[in-house]
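Have a look at upload-v9.cif; it's mmCIF, C-alpha atoms:
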data_target
loop_
_atom_site.label_atom_id
_atom_site.label_comp_id
_atom_site.auth_asym_id
_atom_site.auth_seq_id
_atom_site.Cartn_x
_atom_site.Cartn_y
_atom_site.Cartn_z
CA MET A 1 -78.13 -142.20 -118.98
CA LEU A 2 -77.90 -138.45 -118.71
CA PHE A 3 -78.91 -136.85 -115.44
CA ARG A 4 -79.23 -133.14 -114.89
CA TYR A 5 -79.67 -131.90 -111.37
CA HIS A 6 -81.63 -128.70 -111.02
CA THR A 7 -80.03 -126.94 -108.08
CA SER A 8 -82.40 -124.00 -108.25
CA VAL A 9 -86.11 -123.60 -108.62
CA GLN A 10 -85.67 -120.13 -110.03
CA ASN A 11 -88.28 -119.00 -112.51
CA THR A 12 -89.94 -122.38 -112.75
CA PRO A 13 -93.75 -122.46 -112.69
CA ALA A 14 -93.42 -125.07 -109.90
CA ALA A 15 -91.85 -122.51 -107.53
CA SER A 16 -94.84 -120.18 -107.77
CA SER A 17 -97.53 -122.83 -107.91
CA ILE A 18 -96.17 -124.95 -105.06
CA VAL A 19 -96.15 -122.00 -102.63
CA GLN A 20 -99.68 -121.05 -103.65
CA ARG A 21 -100.81 -124.66 -103.34
CA ALA A 22 -99.25 -124.96 -99.89
CA ARG A 23 -101.23 -121.91 -98.73
CA GLU A 24 -104.44 -123.44 -100.07
CA ALA A 25 -103.71 -126.86 -98.60
CA ALA A 26 -103.02 -125.26 -95.23
CA GLY A 27 -106.64 -124.18 -95.06
CA GLY A 28 -106.53 -121.11 -97.23
CA LEU A 29 -103.76 -119.12 -95.60
CA SER A 30 -103.45 -115.62 -96.99
CA GLN A 31 -100.13 -114.45 -98.40
CA ARG A 32 -99.84 -112.20 -95.35
CA ASP A 33 -100.50 -115.08 -92.91
CA LEU A 34 -97.88 -117.23 -94.59
CA ALA A 35 -95.35 -114.40 -94.68
CA GLN A 36 -95.85 -113.73 -90.97
CA ARG A 37 -95.37 -117.38 -90.09
CA ALA A 38 -92.19 -117.48 -92.19
CA GLY A 39 -90.88 -114.21 -90.82
CA THR A 40 -90.92 -112.40 -94.11
CA ALA A 41 -92.97 -109.79 -95.93
CA GLN A 42 -96.21 -110.41 -97.84
CA SER A 43 -94.62 -108.83 -100.90
CA VAL A 44 -91.98 -111.59 -100.93
CA VAL A 45 -94.70 -114.25 -101.17
CA ALA A 46 -96.59 -112.24 -103.79
CA ARG A 47 -93.52 -111.85 -105.99
CA ILE A 48 -92.78 -115.58 -105.83
CA GLU A 49 -96.36 -116.48 -106.68
CA ASN A 50 -96.62 -114.12 -109.63
CA GLY A 51 -93.28 -115.29 -110.93
CA THR A 52 -91.46 -111.95 -110.71
CA SER A 53 -88.88 -113.04 -108.16
CA SER A 54 -86.31 -115.82 -108.27
CA PRO A 55 -86.54 -117.59 -104.91
CA THR A 56 -83.76 -119.82 -103.71
CA LEU A 57 -84.63 -123.35 -102.74
CA ASP A 58 -84.10 -122.37 -99.08
CA THR A 59 -86.68 -119.59 -99.34
CA VAL A 60 -89.28 -121.86 -100.91
CA ALA A 61 -88.55 -124.53 -98.30
CA ARG A 62 -89.01 -122.00 -95.48
CA LEU A 63 -92.40 -120.91 -96.86
CA LEU A 64 -93.54 -124.50 -97.31
CA ARG A 65 -92.43 -125.32 -93.76
CA ALA A 66 -94.37 -122.33 -92.45
CA ALA A 67 -97.47 -123.74 -94.14
CA GLY A 68 -96.85 -127.10 -92.50
CA PHE A 69 -95.28 -128.97 -95.39
CA GLY A 70 -92.02 -130.58 -96.28
CA TYR A 71 -90.85 -131.14 -99.82
CA GLU A 72 -89.11 -133.74 -101.87
CA LEU A 73 -86.50 -133.28 -104.56
CA ARG A 74 -86.10 -135.97 -107.13
CA LEU A 75 -83.67 -136.52 -109.92
CA ILE A 76 -85.42 -136.73 -113.25
CA PRO A 77 -83.58 -138.56 -115.99
CA LEU A 78 -83.52 -136.42 -119.13
CA SER A 79 -83.14 -138.18 -122.39
CA PRO A 80 -80.29 -137.09 -124.62
CA PRO A 81 -81.46 -135.35 -127.82
CA ASP A 82 -83.39 -137.76 -129.99
CA ALA A 83 -82.34 -137.66 -133.64
CA VAL A 84 -85.92 -138.11 -134.87
CA VAL A 85 -87.24 -135.34 -132.61
CA GLU A 86 -84.44 -133.02 -133.73
CA SER A 87 -85.20 -133.72 -137.38
CA TYR A 88 -88.88 -132.89 -136.88
CA LYS A 89 -87.94 -129.49 -135.43
CA SER A 90 -86.68 -128.20 -138.77
CA GLY A 91 -90.15 -128.65 -140.28
CA ILE A 92 -92.07 -126.84 -137.54
CA ASP A 93 -93.79 -123.59 -138.51
CA ARG A 94 -92.44 -121.23 -135.87
CA ALA A 95 -94.50 -118.30 -137.16
CA SER A 96 -97.76 -120.06 -136.32
CA LEU A 97 -96.42 -121.01 -132.89
CA ILE A 98 -95.39 -117.41 -132.18
CA GLU A 99 -98.87 -116.29 -133.24
CA ASN A 100 -100.38 -118.93 -130.96
CA LEU A 101 -98.25 -117.83 -128.00
CA ARG A 102 -99.68 -114.31 -128.34
CA LYS A 103 -103.15 -115.71 -127.58
CA THR A 104 -104.50 -116.50 -124.14
CA PRO A 105 -104.82 -120.20 -123.26
CA GLU A 106 -108.61 -119.93 -123.63
CA GLN A 107 -108.26 -118.39 -127.10
CA ARG A 108 -105.99 -121.32 -128.04
CA VAL A 109 -108.59 -123.84 -126.88
CA ARG A 110 -111.34 -121.98 -128.75
CA THR A 111 -109.20 -122.08 -131.91
CA LEU A 112 -108.90 -125.84 -131.43
CA GLU A 113 -112.68 -126.13 -131.09
CA ALA A 114 -113.09 -124.12 -134.31
CA MET A 115 -110.75 -126.60 -136.05
CA HIS A 116 -112.99 -129.41 -134.77
CA ARG A 117 -116.12 -127.73 -136.16
CA PHE A 118 -114.41 -127.24 -139.52
CA SER A 119 -113.24 -130.85 -139.58
CA ASP A 120 -116.74 -132.13 -138.71
CA GLU A 121 -118.34 -129.94 -141.37
CA ALA A 122 -115.84 -131.18 -143.96
CA LYS A 123 -116.67 -134.80 -143.03
CA ARG A 124 -120.42 -134.15 -143.32
CA ALA A 125 -119.93 -132.46 -146.71
CA ARG A 126 -117.98 -135.49 -147.94
CA VAL A 127 -120.75 -137.85 -146.80
CA ARG A 128 -123.39 -135.67 -148.54
CA ARG A 129 -121.37 -135.61 -151.76
CA VAL A 130 -120.99 -139.41 -151.78
CA ALA A 131 -124.71 -139.83 -151.09
CA GLU A 132 -125.63 -137.49 -153.94
CA GLU A 133 -123.33 -139.10 -156.49
CA PRO A 134 -125.28 -141.01 -159.16
CA THR A 135 -124.82 -144.75 -158.82
CA MET B 136 -116.79 -132.95 -132.22
CA ILE B 137 -115.48 -132.28 -128.75
CA ASP B 138 -116.84 -129.55 -126.54
CA PHE B 139 -113.91 -128.70 -124.26
CA ALA B 140 -115.82 -125.91 -122.52
CA THR B 141 -118.65 -128.24 -121.48
CA LEU B 142 -116.27 -130.95 -120.30
CA LEU B 143 -114.07 -128.58 -118.30
CA ASN B 144 -117.03 -126.72 -116.84
CA THR B 145 -118.71 -130.00 -115.88
CA LEU B 146 -115.64 -131.08 -113.96
CA GLY B 147 -114.96 -127.61 -112.56
CA ASP B 148 -118.54 -126.95 -111.44
CA ASN B 149 -118.49 -130.23 -109.51
CA GLU B 150 -115.10 -129.54 -107.90
CA VAL B 151 -113.51 -132.63 -109.38
CA GLU B 152 -109.76 -132.70 -108.74
CA PHE B 153 -108.03 -133.31 -112.06
CA ILE B 154 -105.02 -132.30 -114.13
CA ILE B 155 -105.18 -131.61 -117.87
CA VAL B 156 -102.48 -133.59 -119.67
CA GLY B 157 -102.00 -134.76 -123.27
CA GLY B 158 -102.99 -132.84 -126.39
CA LEU B 159 -105.11 -130.19 -124.69
CA ALA B 160 -102.30 -129.40 -122.24
CA ALA B 161 -100.00 -129.02 -125.26
CA ASN B 162 -102.56 -126.71 -126.88
CA VAL B 163 -102.81 -124.60 -123.71
CA HIS B 164 -99.01 -124.21 -123.80
CA GLY B 165 -99.17 -123.01 -127.43
CA SER B 166 -99.21 -126.13 -129.60
CA ALA B 167 -100.92 -125.74 -132.95
CA ARG B 168 -101.56 -129.49 -133.28
CA PHE B 169 -105.01 -131.00 -133.53
CA THR B 170 -106.24 -133.18 -130.69
CA ASP B 171 -109.53 -134.98 -130.65
CA ASP B 172 -109.91 -135.89 -127.01
CA LEU B 173 -109.42 -134.55 -123.52
CA ASP B 174 -106.95 -136.42 -121.31
CA VAL B 175 -107.12 -135.79 -117.59
CA VAL B 176 -105.45 -137.40 -114.59
CA TYR B 177 -108.01 -137.60 -111.80
CA ARG B 178 -107.33 -137.91 -108.08
CA ARG B 179 -108.22 -141.37 -106.83
CA THR B 180 -109.67 -140.54 -103.45
CA PRO B 181 -113.15 -141.95 -102.74
CA GLU B 182 -114.54 -138.41 -102.39
CA ASN B 183 -113.12 -137.28 -105.72
CA ILE B 184 -114.22 -140.43 -107.52
CA ALA B 185 -117.75 -139.81 -106.23
CA ARG B 186 -117.63 -136.22 -107.51
CA LEU B 187 -116.25 -137.37 -110.87
CA VAL B 188 -118.95 -140.00 -111.31
CA ASP B 189 -121.75 -137.60 -110.36
CA ALA B 190 -120.36 -134.86 -112.59
CA MET B 191 -120.09 -137.03 -115.68
CA ARG B 192 -123.34 -138.99 -115.32
CA PRO B 193 -125.51 -136.41 -117.16
CA LEU B 194 -123.13 -136.64 -120.15
CA ASN B 195 -123.77 -140.40 -120.48
CA PRO B 196 -120.18 -141.68 -120.52
CA TYR B 197 -119.59 -144.93 -122.38
CA LEU B 198 -116.54 -146.98 -123.31
CA ARG B 199 -115.04 -145.47 -126.46
CA GLY B 200 -114.91 -147.85 -129.38
CA ALA B 201 -116.99 -150.51 -127.64
CA PRO B 202 -120.08 -151.84 -129.43
CA LEU B 203 -123.28 -150.15 -128.28
CA GLY B 204 -125.33 -152.22 -125.90
CA LEU B 205 -122.49 -153.61 -123.83
CA PRO B 206 -123.27 -153.39 -120.13
CA PHE B 207 -121.27 -150.50 -118.74
CA ASP B 208 -122.05 -149.20 -115.30
CA TRP B 209 -120.66 -145.69 -114.76
CA SER B 210 -120.40 -145.79 -111.00
CA ALA B 211 -117.95 -145.13 -108.19
CA ALA B 212 -117.49 -148.89 -107.83
CA THR B 213 -116.48 -149.18 -111.50
CA VAL B 214 -114.00 -146.34 -111.23
CA GLN B 215 -112.59 -147.72 -107.98
CA ALA B 216 -112.13 -151.12 -109.59
CA GLY B 217 -110.37 -149.73 -112.66
CA LEU B 218 -107.68 -147.12 -113.27
CA ASN B 219 -107.70 -145.63 -116.76
CA PHE B 220 -110.97 -145.11 -118.63
CA THR B 221 -111.17 -144.27 -122.33
CA LEU B 222 -114.64 -142.85 -122.76
CA THR B 223 -116.95 -141.07 -125.11
CA CYS B 224 -119.81 -138.90 -123.90
CA SER B 225 -122.28 -136.38 -125.21
CA ALA B 226 -119.57 -133.66 -125.10
CA GLY B 227 -116.92 -135.75 -126.89
CA ALA B 228 -114.06 -138.10 -126.16
CA ILE B 229 -112.46 -138.00 -122.73
CA ASP B 230 -109.84 -140.16 -121.04
CA PHE B 231 -109.81 -140.37 -117.26
CA LEU B 232 -106.38 -141.56 -116.21
CA GLY B 233 -105.48 -142.74 -112.74
CA GLU B 234 -101.80 -142.78 -113.63
CA ILE B 235 -99.64 -141.91 -116.59
CA ALA B 236 -96.26 -143.30 -117.67
CA GLY B 237 -93.37 -141.24 -116.36
CA GLY B 238 -95.64 -139.07 -114.24
CA GLY B 239 -97.51 -141.34 -111.89
CA SER B 240 -100.68 -140.30 -110.14
CA TYR B 241 -102.43 -137.01 -109.47
CA ASP B 242 -100.63 -136.60 -106.14
CA THR B 243 -97.23 -136.91 -107.81
CA LEU B 244 -98.05 -134.69 -110.77
CA VAL B 245 -99.79 -131.90 -108.88
CA ALA B 246 -96.50 -130.20 -107.93
CA HIS B 247 -95.77 -129.78 -111.63
CA THR B 248 -98.92 -127.97 -112.64
CA SER B 249 -100.17 -124.44 -112.98
CA LYS B 250 -103.68 -123.08 -112.67
CA VAL B 251 -104.82 -121.81 -116.05
CA PRO B 252 -107.92 -119.64 -116.50
CA LEU B 253 -110.26 -121.51 -118.87
CA PHE B 254 -113.99 -120.94 -119.33
CA GLY B 255 -114.50 -119.35 -115.92
CA HIS B 256 -112.56 -121.99 -114.00
CA GLN B 257 -108.89 -122.45 -113.19
CA PRO B 258 -108.11 -126.10 -113.92
CA LEU B 259 -104.64 -127.47 -113.25
CA VAL B 260 -102.56 -128.03 -116.37
CA LEU B 261 -99.37 -130.09 -116.43
CA ASP B 262 -96.45 -127.71 -116.95
CA LEU B 263 -94.44 -127.75 -120.15
CA PRO B 264 -91.25 -129.49 -118.92
CA TRP B 265 -93.31 -132.30 -117.37
CA LEU B 266 -95.55 -132.60 -120.39
CA ILE B 267 -92.43 -133.19 -122.48
CA HIS B 268 -91.09 -135.58 -119.84
CA VAL B 269 -94.22 -137.76 -119.74
CA LYS B 270 -94.54 -137.82 -123.52
CA ARG B 271 -90.94 -139.03 -123.74
CA ALA B 272 -91.64 -141.59 -121.03
CA ALA B 273 -94.67 -142.88 -122.93
CA GLY B 274 -92.24 -143.78 -125.71
CA ARG B 275 -94.85 -143.70 -128.46
CA ARG B 276 -93.66 -143.10 -131.99
CA LYS B 277 -96.59 -140.77 -132.69
CA ASP B 278 -95.51 -138.46 -129.85
CA LEU B 279 -92.11 -137.65 -131.33
CA GLU B 280 -93.45 -134.88 -133.58
CA ALA B 281 -95.45 -133.47 -130.66
CA ILE B 282 -92.33 -133.51 -128.46
CA ALA B 283 -90.41 -131.64 -131.15
CA GLU B 284 -93.08 -128.95 -131.27
CA LEU B 285 -93.21 -128.66 -127.46
CA GLU B 286 -89.43 -128.27 -127.27
CA VAL B 287 -89.60 -125.51 -129.90
CA ILE B 288 -92.32 -123.80 -127.83
CA GLN B 289 -90.12 -124.10 -124.74
CA ALA B 290 -87.26 -122.41 -126.61
CA LEU B 291 -89.58 -119.66 -127.93
CA ASP B 292 -90.91 -119.14 -124.40
CA ARG B 293 -87.38 -118.72 -123.06
CA ASP B 294 -86.60 -116.14 -125.75
CA ARG B 295 -89.71 -114.05 -125.06
#
Rewrite the structure of this file - the entire thing - as structure tokens.
Amino acid sequence: MLFRYHTSVQNTPAASSIVQRAREAAGGLSQRDLAQRAGTAQSVVARIENGTSSPTLDTVARLLRAAGFGYELRLIPLSPPDAVVESYKSGIDRASLIENLRKTPEQRVRTLEAMHRFSDEAKRARVRRVAEEPT
Amino acid sequence: MIDFATLLNTLGDNEVEFIIVGGLAANVHGSARFTDDLDVVYRRTPENIARLVDAMRPLNPYLRGAPLGLPFDWSAATVQAGLNFTLTCSAGAIDFLGEIAGGGSYDTLVAHTSKVPLFGHQPLVLDLPWLIHVKRAAGRRKDLEAIAELEVIQALDRDR
């Protein structure tokens, strides 16, 4: 089994969200409150939370500790490349994915809802056509 | 037809603690694949179960695929006694999951989520690496194509 050990939390969504969540779980600490407790500047916390800085694990741990939390690192087994998955990749329409990534998450969900409406309408039209066919 | 806005607003308005996983999480991350239900992992504390039950009651949840007329009591006691619920309701199909393969419970997964602005709320959505991880862990044949797409999205994201 292949194991990869992530020695850094740099640029991962977890680094920003876990600090923010620790503030909230500590009773709604402000970024400034947390920074003061950790002996750092509010801008350091802000940059971590908005994903523009690359905190070391020690920095994240210090902020979590200041909010009253510890943390746990776990090894996650990563599967080696799967031949079937790799073969599917060649057939994926990257242009439509790139277009999708330009949308906001809410726009993506609304597009999905529009697909649902279209699918439902197509089903209803099929039922109407069958009902109207002469027997 | 599924009304994601109604479902997410119903849960959000009632402060239910949940994480969006499955097809809608993939869609939020950029997937172009169709999904016909909403999968969420809910927190199994008594307080949250009570909020979940109260929130969903007006939407008349019922066991999906079960014959109409079967006795089904949507209550905190039912949710406490079970774990994963595959339901249909007036806003569409929704799965309430107490645990998922490879990811565990809400409390385990929550560190691997991001808040995403959707319909006036900021629900937690499982992040892309963990979404791929749990889909691999589920080991379902039908997920392989979805995993391929998510890995392509991950690569496109890195290149942006």
Under the rule of at most 8 Å, produce a per-residue listing of chain A near chain B: chain, number, name, the closest pair of atoms, and the distance in Å, as a tab-separated table, using all atoms listed in the file.
residue	atom	partner	partner_atom	distance
A:Pro13	CA	B:Ser249	CA	6.7
A:Ala14	CA	B:His247	CA	5.5
A:Ser17	CA	B:Ser249	CA	5.9
A:Ile18	CA	B:Ala246	CA	6.0
A:Leu78	CA	B:His268	CA	7.6
A:Ser79	CA	B:Arg271	CA	8.0
A:Val84	CA	B:Leu279	CA	7.1
A:Val85	CA	B:Ala283	CA	5.1
A:Glu86	CA	B:Ala283	CA	6.6
A:Tyr88	CA	B:Glu280	CA	6.0
A:Lys89	CA	B:Ala283	CA	5.4
A:Ile92	CA	B:Glu284	CA	6.7
A:Arg94	CA	B:Val287	CA	7.9
A:Ser96	CA	B:Ala167	CA	7.3
A:Leu97	CA	B:Gly165	CA	6.4
A:Ile98	CA	B:Leu291	CA	7.5
A:Asn100	CA	B:Gly165	CA	5.5
A:Leu101	CA	B:Gly165	CA	5.3
A:Pro105	CA	B:Val163	CA	4.9
A:Glu106	CA	B:Leu253	CA	5.3
A:Arg108	CA	B:Val163	CA	6.3
A:Val109	CA	B:Val163	CA	6.6
A:Leu112	CA	B:Phe169	CA	6.8
A:Glu113	CA	B:Asp138	CA	7.1
A:Met115	CA	B:Phe169	CA	7.7
A:His116	CA	B:Met136	CA	5.8
A:Arg117	CA	B:Met136	CA	6.6
A:Asp120	CA	B:Met136	CA	6.5
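Take atom CA of Phe220 of chain B and atom CA of Ala161 of chain B: the distance between them is 20.6 Å.
When the PyMOL selection byres ((chain A and resi 30-33) around 10) is evaluated against the file, it yields Val19, Gln20, Arg23, Glu24, Ala26, Gly27, Gly28, Leu29, Leu34, Ala35, Gln36, Arg37, Ala38, Gly39, Thr40, Ala41, Gln42, Ser43, Val44, Val45, Ala46, Glu49, Ala66 and Ala67 of chain A.
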For this session: Report as number ranges by chain the full result of the PyMOL selection byres ((chain B and resi 175-181) around 9) when it is applied to this structure.
Result: B: 151-157, 173-174, 182-187, 211, 214-215, 218-219, 229-235, 240-242, 244
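Considering the residues B:Thr243, B:Ala273, B:Asp172, B:Thr145 and counting all atoms listed in the file, Arg192 of chain B has its shortest atom-to-atom contact with B:Thr145.
Straight-line separation from atom CA of Ser54 of chain A to atom CA of Tyr71 of chain A: 18.1 Å.
The gap separating atom CA of Ala201 of chain B from atom CA of Ala228 of chain B is 12.8 Å, in Å to one decimal.
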